[in-house]
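A.B. asks: Sharing a structure with you now.
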Amino acid sequence: CSNVPSHHRQLAHLPIKRGGLGIPLRRLTATSAYLGSRVQTGELQAKLRRGSPMDPAYIQHLLDHIPSSPNLESLQQQPSPQHHLANAINTQLSSELHLLPDMILKATLAVNSLPHAGAWLEALPLDYAFLTTSAEAFRSALRRRLGLPQHSSNSRCTECGHVADAMGTHHSVCKVAIAKHRAGVAATARAAISAGLRTLTEVFATVFPSDRALP
């Protein structure tokens with residue numbers, strides 16, 4: 001992913017629940033894992049070594065290289081020092097992204113952080129449960145989650161002929177495509193009802209009551 005802009009790579013390093021892809025940033029997570037382990041097992045190390053296993057000044061020096069990290073005394077009071085340090089790193093990364101002037105990236109981060117928005121990333125690719133997708137569709141979903149363009153340039157929508165933006169946003173709100181989708185859902189529901197099957201159709205939510213476009 002060398003051609004992916006740095007801020008979008010930074011988004012990928014955030015946990016899924018914070019809007020990212022959950023790919024750890026090794027240069028930071030390695031230090032937090034080491035320090036968390038040293039602090040959490042401090043008493044055991046002291047017993048094994050018959051003395052203090054840690055140089056407080058050295059540990060604090062390492063902590064100073066972790067964004068928004070607490071001091072050593074405060075960290076020792078945490079039930080899970082490693083988790084606490086990892087959370088501090090993720091909070092700092094998220095804050096840096098929110099300070100950027102890129103509105104598309106900010107909106108992407110906000111949408112990605114909604115409940116269950118990243119559930120598809122944690123689903124096992126099981127054929128028998130119909131939880132698989134094509135490589136092309138998966139790449140497209142990843143690009144949308146990272147706020148990257150779907151196309152190299154603007155093109156025309158194959159449904160309505162409107163100019164489709166490079167980000168692929170138009171395809172989500174195209175009235176012709178939405179109308180076809182709804183017609184297909186209605187036809188399927190009618191066929192299921194006529195066959196005596198219990199049917200529950202999806203709810204077409206809108207951003208505003210007067211808006212006919214899907215959010």
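In the structure tokens, chains take the letters A, B, ... in the order shown, each chain's residues start at 1, and ligands count up from 1 in the order shown.
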Which residues, written as a VMD selection string, have at least one atom at most 8 Å from Ala189 in chain A, with only C-alpha atoms counted and residues fewer than 2 positions away on the same chain left out?
C.D. replies: chain A and resid 185 to 187 191 to 193 199 to 201
A.B. asks: Determine which residues of range 35-210 of chain A DSSP labels as helix (DSSP H, G or I) from the backbone of this structure, then write them out as a VMD selection string.
C.D. replies: chain A and resid 35 to 40 42 to 49 56 to 63 72 to 75 81 to 98 103 to 112 119 to 121 135 to 145 170 to 173 175 to 194
A.B. asks: Mind checking DSSP for range 25-166 of chain A and telling me the strand (DSSP E or B) residues as a list in words?
C.D. replies: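 Those in range 25-166 of chain A that DSSP calls strand (DSSP E or B) are Ser155, Arg156, Val163 and Ala164 of chain A.
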A.B. asks: Would you please work out which residue, of A:Val111, A:Leu14, A:Ile59, A:Met167, is nearest to Thr91 in chain A when using only C-alpha atoms?
C.D. replies: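 Ranking A:Val111, A:Leu14, A:Ile59, A:Met167 by distance to Thr91 in chain A, first place goes to A:Leu14.
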A.B. asks: Please identify all polymer residues within 12 Å of Thr133 in chain A, counting only C-alpha atoms, omitting same-chain residues fewer than 5 positions from it, and present them as number ranges by chain.
C.D. replies: A: 120-121, 123-127, 138-141
A.B. asks: Would you mind listing what lies within 9 Å of His8 in chain A as a list of chain:residue names, with only C-alpha atoms counted and same-chain residues fewer than 3 positions away left out?
C.D. replies: A:Val4, A:Pro5, A:Leu11, A:Ala12, A:His13, A:Leu105, A:Leu146, A:Gly147, A:Leu148
A.B. asks: I need the chosen residues saved as a compact mmCIF listing (two decimals), in the first residue's frame, with all heavy atoms.
C.D. replies:
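Result written to result.txt:
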```
# COMPACT_ATOMS: atom_id res chain seq x y z
N VAL A 4 -0.83 4.53 -1.02
CA VAL A 4 -1.91 5.03 -0.17
C VAL A 4 -1.39 6.22 0.64
O VAL A 4 -0.35 6.10 1.30
CB VAL A 4 -2.44 3.93 0.78
CG1 VAL A 4 -3.51 4.49 1.70
CG2 VAL A 4 -2.99 2.76 -0.03
N PRO A 5 -2.06 7.37 0.62
CA PRO A 5 -1.62 8.53 1.40
C PRO A 5 -1.43 8.20 2.88
O PRO A 5 -2.12 7.33 3.42
CB PRO A 5 -2.74 9.55 1.19
CG PRO A 5 -3.36 9.15 -0.12
CD PRO A 5 -3.27 7.65 -0.16
N LEU A 11 -5.43 5.82 9.26
CA LEU A 11 -6.79 5.37 9.53
C LEU A 11 -6.86 3.85 9.59
O LEU A 11 -7.56 3.28 10.44
CB LEU A 11 -7.74 5.90 8.45
CG LEU A 11 -9.19 5.42 8.48
CD1 LEU A 11 -9.84 5.77 9.81
CD2 LEU A 11 -9.98 6.01 7.33
N ALA A 12 -6.11 3.18 8.73
CA ALA A 12 -6.12 1.71 8.71
C ALA A 12 -5.58 1.12 10.01
O ALA A 12 -5.95 0.01 10.39
CB ALA A 12 -5.29 1.21 7.53
N HIS A 13 -4.72 1.87 10.71
CA HIS A 13 -4.13 1.36 11.94
C HIS A 13 -5.06 1.46 13.16
O HIS A 13 -4.78 0.86 14.19
CB HIS A 13 -2.83 2.12 12.26
CG HIS A 13 -1.72 1.84 11.28
ND1 HIS A 13 -1.37 0.57 10.90
CD2 HIS A 13 -0.90 2.68 10.59
CE1 HIS A 13 -0.37 0.63 10.03
NE2 HIS A 13 -0.09 1.89 9.82
N LEU A 105 -12.26 12.55 4.73
CA LEU A 105 -11.64 11.62 5.68
C LEU A 105 -12.34 11.69 7.03
O LEU A 105 -12.57 10.66 7.69
CB LEU A 105 -10.15 11.94 5.84
CG LEU A 105 -9.33 10.94 6.64
CD1 LEU A 105 -9.35 9.57 5.98
CD2 LEU A 105 -7.89 11.43 6.80
N LEU A 146 -11.56 3.37 3.86
CA LEU A 146 -10.38 4.21 4.05
C LEU A 146 -10.54 5.59 3.41
O LEU A 146 -9.63 6.41 3.48
CB LEU A 146 -9.15 3.52 3.47
CG LEU A 146 -8.68 2.25 4.18
CD1 LEU A 146 -7.48 1.66 3.47
CD2 LEU A 146 -8.35 2.53 5.64
N GLY A 147 -11.70 5.84 2.79
CA GLY A 147 -11.92 7.14 2.18
C GLY A 147 -11.11 7.36 0.93
O GLY A 147 -10.74 8.49 0.61
N LEU A 148 -10.81 6.29 0.21
CA LEU A 148 -10.02 6.38 -1.02
C LEU A 148 -10.93 6.37 -2.25
O LEU A 148 -12.01 5.79 -2.21
CB LEU A 148 -9.05 5.19 -1.10
CG LEU A 148 -7.98 5.13 -0.01
CD1 LEU A 148 -7.24 3.81 -0.09
CD2 LEU A 148 -7.01 6.30 -0.15
```
A.B. asks: Please, what distance in Å, to one decimal, runs between CA of Leu97 in chain A and CA of His7 in chain A?
C.D. replies: 7.1 Å
A.B. asks: For Arg38 in chain A, which residue among A:Gln150, A:Gln82, A:His162, A:Ala57 is the nearest when counting only C-alpha atoms?
C.D. replies: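 Nearest candidate to Arg38 in chain A out of A:Gln150, A:Gln82, A:His162, A:Ala57: A:Gln82.
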A.B. asks: A:Ser32, A:Leu44, A:Gly22, A:Glu159: which is nearest His181 in chain A, counting only C-alpha atoms?
C.D. replies: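 Looking only at the distances to His181 in chain A, the closest residue turns out to be A:Glu159.
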A.B. asks: Point out the residue among A:Gly19, A:Pro56, A:Gly196, A:Gly118 with the least atom-to-atom distance to His98 in chain A, counting only C-alpha atoms.
C.D. replies: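 Answer, going by the shortest atom-to-atom distance: A:Gly19.
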A.B. asks: From the list A:Ile66, A:Ile178, A:Leu93, A:Ile16, which residue is nearest Gly36 in chain A when using only C-alpha atoms?
C.D. replies: A:Ile66
